[in-house]
Structure formats: structure tokens, C-alpha cells
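A.B. asks: Pasting a structure below so you can have a look.
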Amino acid sequence: MADGRAVAERVVGSSLTRLWLLPEHAVDSFAAALGGRRLLTEGEQARMERLLTSPTRRRFLARRLLCRYALTALTGRPLDHWRFRTGRYGRPETEPDCGVRFSLSHTEGLIVCVVTQGRVCGVDVERRPASPESAGHVSRFFAAAERAELAALGPAARVARTSELWVLKEAYLKALGTGMHRSLDGFSFARQAAGEESRITVTDSEEPGRADDGWWFDLLRPSPQHLLAVAVEGAYPGALHRTDLSGI
């Protein structure tokens, strides 16, 4: 599959965070190359069969195969080695724990997975642009500082910034392992100057020891239709090594 990869890397420290992107149009060839559903456990296959539509079953298979592929690429362990458990709020973890962390997300047209060596991580991807109506509805649940920032922007910039804040919040909550069980107004994101560039910071009263320099965030636009956020514990989590599985 290596011939079909387009790879980009950003060095921000000494370790490595891997981000894998699988477009929906490449799912069938990706699954066939890996062996398809034979890699799933009996429980996973039963869950897939209970899904009502072909597209949802296809995305389920893609997510399960993509995380196995990403974990194997990082560790060198066989694809059929991987088994998983779910945390209190449903976040998947490797079973047994091997010190590797991962997070999955999907939206129409794209499935993504982020993997790190021991660092808590989260990823979220959404279709864009959001409509002004949906952006206005979502932003009502943001923190006061974020709502004030949005109020000072013009209509187009407000929609774009709302989309950024939404994916950042989703990625952060996935990294924490709580998902949407936390209120969106309990923490806020801001851009802070860092030399000639700017970085994204979080203020979270429930995680005072891990906020600010305790997290690293990135926003990516992998296609004109998609916006993606990555959250990794630690101020300098390493190179973000991105692999696009689009030419399989």
C-alpha cells in the first residue's frame, strides 16, 4: 500500500504522533488488501451485522480495520493481534494495555485515526462548511469567552471559527475519555502567540494540572470538504506524521 500514500510531517518535538486518513472511496480496496472482516472478532462481526444499512456496516468495518492497521504500523505487531475494550464512556482501548493510545473519528467521505506511543490523544473530523444556522445553534453551548470571540467576527468568519472550536472540543473530550458527557461551556480554546507562530491553548477548570502547556492541538484541512482536529497530551508531543490512504 505504500505506493498510494501521500505523507507530510510536522516536527514539534521528539516523539511521534501518527495520523491516518482513509477516504470512503478507498475503503473497499483497503479492506480487501487487509483481509476484510476476517480480522474482526466474533463480537465485532455480530455488531456489524446488527447495523441496518450497508454504508454504516462499511464504515464500521473501515474504522475497525484502520485502527488495527495504524496500531500495527506503530508497533509492528500482527494485524490479527489486536483486541479492544471500552472505557466508562465508550472510548476504545487496546486489550491488554500495550501503552499505545489511539482515537477514531469519521464523517461523510473520510475516516481518520490518530495513534501515539503512550500519550493520551483524540481526533475529530467534520464536513464543512457548516451552515450559519447550525453554527449559531452549536455556539450557544460554548464558553463565554468563545461566544464573545465569535460575536466580534463577521458572518463567514464566525461560521469558520465555530467549526474550528467544535472539532477542537470533540477531539479534546475524546482524549479525556468523557466524550459528550461533559458540558461544552466548561472549557474554552484560544489562539496564543508563540514566537512568529500561534498555538492553540485550552483553559479547563476541571483539568487544571493538564491545561495550557499540558496539551498540544492542531487543526488540519485534509480536503476542501473536511476539517480535522487532533488533541495530544503534552506540550510537545512530537512529529505529526500524516498518511493519506487515498491511492490504495
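The chains in the C-alpha cells are called A, B, ... from first to last as shown; in each chain the residues are counted from 1, and the ligands are counted from 1 in the order shown.
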If you count only C-alpha atoms, which residues fall within 12 Å of region 151-156 of chain A, apart from same-chain ones fewer than 5 positions away, as a PDB file with C-alpha atoms, in the first residue's frame?

C.D. replies:
ATOM      1  CA  PRO A 129     -18.622  24.363   5.750  1.00  0.00           C
ATOM      2  CA  ALA A 130     -21.282  24.370   8.424  1.00  0.00           C
ATOM      3  CA  SER A 131     -24.435  26.337   7.730  1.00  0.00           C
ATOM      4  CA  PRO A 132     -24.883  29.675   9.571  1.00  0.00           C
ATOM      5  CA  GLU A 133     -27.956  28.178  11.255  1.00  0.00           C
ATOM      6  CA  ALA A 135     -23.139  27.178  13.652  1.00  0.00           C
ATOM      7  CA  GLY A 136     -25.379  29.581  15.532  1.00  0.00           C
ATOM      8  CA  SER A 139     -22.153  28.133  19.545  1.00  0.00           C
ATOM      9  CA  ARG A 140     -24.864  28.738  22.162  1.00  0.00           C
ATOM     10  CA  PHE A 142     -19.758  27.254  24.059  1.00  0.00           C
ATOM     11  CA  ALA A 144     -18.481  32.721  27.447  1.00  0.00           C
ATOM     12  CA  ALA A 145     -15.020  33.693  26.150  1.00  0.00           C
ATOM     13  CA  GLU A 146     -15.612  31.735  22.949  1.00  0.00           C
ATOM     14  CA  ARG A 161     -14.337  29.718  13.725  1.00  0.00           C
ATOM     15  CA  THR A 162     -17.353  27.885  15.152  1.00  0.00           C
ATOM     16  CA  SER A 163     -16.382  24.838  13.094  1.00  0.00           C
TER      17      SER A 163
END

A.B. asks: Which of region 4-242 of chain A counts as alpha helix (DSSP H) under DSSP, as a VMD selection string please?

C.D. replies: chain A and resid 27 to 34 42 to 50 54 to 75 132 to 139 144 to 151 155 to 176

A.B. asks: Please run DSSP on the backbone and report, as a PyMOL selection string, all residues within region 46-192 of chain A that come out as strand (DSSP E or B).

C.D. replies: chain A and resi 84-86+92-94+100-107+110-117+121-127+187-192

A.B. asks: Keeping N, CA and C atoms for every residue in the selection just given, could you write it to a file as a JSON list (two decimals), in the first residue's frame?

C.D. replies:
[["chain", "number", "residue", "atom", "x", "y", "z"],
["A", 84, "PHE", "N", -9.86, -5.29, 21.80],
["A", 84, "PHE", "CA", -10.18, -4.00, 22.38],
["A", 84, "PHE", "C", -11.21, -4.11, 23.50],
["A", 85, "ARG", "N", -11.15, -3.14, 24.40],
["A", 85, "ARG", "CA", -12.16, -2.97, 25.43],
["A", 85, "ARG", "C", -12.64, -1.52, 25.37],
["A", 86, "THR", "N", -13.72, -1.22, 26.02],
["A", 86, "THR", "CA", -14.23, 0.16, 26.05],
["A", 86, "THR", "C", -14.20, 0.69, 27.46],
["A", 92, "PRO", "N", -12.55, 3.30, 23.04],
["A", 92, "PRO", "CA", -11.86, 2.02, 22.87],
["A", 92, "PRO", "C", -10.40, 2.11, 23.31],
["A", 93, "GLU", "N", -9.92, 1.03, 23.91],
["A", 93, "GLU", "CA", -8.53, 0.90, 24.31],
["A", 93, "GLU", "C", -8.06, -0.50, 23.93],
["A", 94, "THR", "N", -6.75, -0.65, 23.77],
["A", 94, "THR", "CA", -6.21, -1.97, 23.46],
["A", 94, "THR", "C", -6.34, -2.88, 24.68],
["A", 100, "VAL", "N", 0.01, 1.93, 24.00],
["A", 100, "VAL", "CA", -0.29, 2.72, 22.80],
["A", 100, "VAL", "C", -1.70, 3.27, 22.91],
["A", 101, "ARG", "N", -1.89, 4.52, 22.55],
["A", 101, "ARG", "CA", -3.20, 5.15, 22.61],
["A", 101, "ARG", "C", -3.66, 5.51, 21.20],
["A", 102, "PHE", "N", -4.97, 5.44, 20.97],
["A", 102, "PHE", "CA", -5.49, 5.79, 19.66],
["A", 102, "PHE", "C", -6.88, 6.39, 19.80],
["A", 103, "SER", "N", -7.31, 7.06, 18.74],
["A", 103, "SER", "CA", -8.63, 7.66, 18.69],
["A", 103, "SER", "C", -9.12, 7.62, 17.24],
["A", 104, "LEU", "N", -10.42, 7.40, 17.07],
["A", 104, "LEU", "CA", -11.04, 7.28, 15.75],
["A", 104, "LEU", "C", -12.13, 8.33, 15.58],
["A", 105, "SER", "N", -12.34, 8.73, 14.33],
["A", 105, "SER", "CA", -13.47, 9.58, 14.01],
["A", 105, "SER", "C", -13.83, 9.36, 12.54],
["A", 106, "HIS", "N", -15.08, 9.64, 12.20],
["A", 106, "HIS", "CA", -15.48, 9.55, 10.80],
["A", 106, "HIS", "C", -16.59, 10.55, 10.53],
["A", 107, "THR", "N", -16.67, 10.92, 9.30],
["A", 107, "THR", "CA", -17.76, 11.75, 8.80],
["A", 107, "THR", "C", -17.98, 11.35, 7.35],
["A", 110, "LEU", "N", -14.83, 10.46, 4.90],
["A", 110, "LEU", "CA", -13.50, 10.33, 5.47],
["A", 110, "LEU", "C", -13.54, 9.63, 6.84],
["A", 111, "ILE", "N", -12.61, 8.68, 7.03],
["A", 111, "ILE", "CA", -12.39, 8.02, 8.31],
["A", 111, "ILE", "C", -10.97, 8.33, 8.74],
["A", 112, "VAL", "N", -10.76, 8.68, 10.02],
["A", 112, "VAL", "CA", -9.43, 9.07, 10.49],
["A", 112, "VAL", "C", -9.10, 8.35, 11.79],
["A", 113, "CYS", "N", -7.79, 8.17, 12.01],
["A", 113, "CYS", "CA", -7.30, 7.53, 13.23],
["A", 113, "CYS", "C", -5.99, 8.21, 13.63],
["A", 114, "VAL", "N", -5.85, 8.54, 14.92],
["A", 114, "VAL", "CA", -4.60, 9.06, 15.44],
["A", 114, "VAL", "C", -4.07, 8.05, 16.46],
["A", 115, "VAL", "N", -2.75, 7.83, 16.44],
["A", 115, "VAL", "CA", -2.10, 6.85, 17.32],
["A", 115, "VAL", "C", -0.85, 7.49, 17.92],
["A", 116, "THR", "N", -0.63, 7.26, 19.21],
["A", 116, "THR", "CA", 0.56, 7.77, 19.88],
["A", 116, "THR", "C", 1.18, 6.67, 20.74],
["A", 117, "GLN", "N", 2.44, 6.85, 21.07],
["A", 117, "GLN", "CA", 3.12, 5.94, 21.98],
["A", 117, "GLN", "C", 2.98, 6.47, 23.40],
["A", 121, "CYS", "N", -4.69, 10.82, 23.49],
["A", 121, "CYS", "CA", -4.94, 11.56, 22.25],
["A", 121, "CYS", "C", -6.41, 11.49, 21.86],
["A", 122, "GLY", "N", -6.81, 12.41, 21.02],
["A", 122, "GLY", "CA", -8.17, 12.43, 20.49],
["A", 122, "GLY", "C", -8.17, 13.05, 19.12],
["A", 123, "VAL", "N", -9.14, 12.66, 18.28],
["A", 123, "VAL", "CA", -9.25, 13.23, 16.94],
["A", 123, "VAL", "C", -10.72, 13.38, 16.59],
["A", 124, "ASP", "N", -11.04, 14.42, 15.84],
["A", 124, "ASP", "CA", -12.40, 14.60, 15.33],
["A", 124, "ASP", "C", -12.32, 15.18, 13.93],
["A", 125, "VAL", "N", -13.20, 14.71, 13.06],
["A", 125, "VAL", "CA", -13.28, 15.23, 11.69],
["A", 125, "VAL", "C", -14.74, 15.51, 11.38],
["A", 126, "GLU", "N", -14.98, 16.61, 10.68],
["A", 126, "GLU", "CA", -16.33, 17.02, 10.32],
["A", 126, "GLU", "C", -16.35, 17.53, 8.89],
["A", 127, "ARG", "N", -17.53, 17.41, 8.27],
["A", 127, "ARG", "CA", -17.73, 18.02, 6.96],
["A", 127, "ARG", "C", -17.86, 19.52, 7.14],
["A", 187, "PHE", "N", -15.02, 24.48, 29.33],
["A", 187, "PHE", "CA", -13.63, 24.69, 28.93],
["A", 187, "PHE", "C", -13.65, 25.52, 27.65],
["A", 188, "SER", "N", -12.55, 26.22, 27.38],
["A", 188, "SER", "CA", -12.52, 27.10, 26.22],
["A", 188, "SER", "C", -11.16, 27.04, 25.53],
["A", 189, "PHE", "N", -11.19, 27.33, 24.23],
["A", 189, "PHE", "CA", -9.99, 27.35, 23.41],
["A", 189, "PHE", "C", -9.68, 28.78, 22.97],
["A", 190, "ALA", "N", -8.38, 29.04, 22.80],
["A", 190, "ALA", "CA", -7.94, 30.35, 22.32],
["A", 190, "ALA", "C", -6.66, 30.17, 21.53],
["A", 191, "ARG", "N", -6.36, 31.15, 20.70],
["A", 191, "ARG", "CA", -5.08, 31.18, 19.99],
["A", 191, "ARG", "C", -4.13, 32.06, 20.79],
["A", 192, "GLN", "N", -2.92, 31.55, 21.04],
["A", 192, "GLN", "CA", -1.91, 32.30, 21.78],
["A", 192, "GLN", "C", -0.68, 32.46, 20.90]]

A.B. asks: Could you work out how far CA of Tyr89 (chain A) lies from CA of Arg242 (chain A), giving the answer in Å with one decimal?

C.D. replies: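 Spanning CA of Arg242 (chain A) to CA of Tyr89 (chain A) is a straight-line distance of 27.5 Å.
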
A.B. asks: Which residues are near Gln45 (chain A)? Cut-off 12 Å, only C-alpha atoms, ignore same chain within fewer than 2 positions. Put them as a PyMOL selection string.

C.D. replies: chain A and resi 36-43+47-51+57-58+60-61+64

A.B. asks: Any idea what's packed within 12 Å of Ala143 (chain A), counting only C-alpha atoms, ignoring anything in its chain fewer than 5 positions away? Could you give it as a list in words?

C.D. replies: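 Skipping anything fewer than 5 positions along the chain leaves Val138, Ala148, Glu149, Leu150, Thr162, Leu165, Trp166, Lys169, Ser183, Leu184, Asp185, Gly186, Phe187, Ser188, Phe189, Ala190, Val202, Thr203, Asp204 and Ser205 of chain A.
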
A.B. asks: Which one of A:Leu245, A:Leu21, A:Leu240, A:Leu176 sits closest to Glu206 (chain A) if you count only C-alpha atoms?

C.D. replies: A:Leu176

A.B. asks: Could you work out how far CA of Gly109 (chain A) lies from CA of Glu24 (chain A), giving the answer in Å with one decimal?

C.D. replies: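 Separation of CA of Glu24 (chain A) and CA of Gly109 (chain A): 4.9 Å.
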
A.B. asks: Do you know which residues are at most 7 Å from Ala175 (chain A) counting only C-alpha atoms, after dropping those on the same chain fewer than 2 positions away, and could you put them as a PyMOL selection string?

C.D. replies: chain A and resi 120-122+171-173+177+231
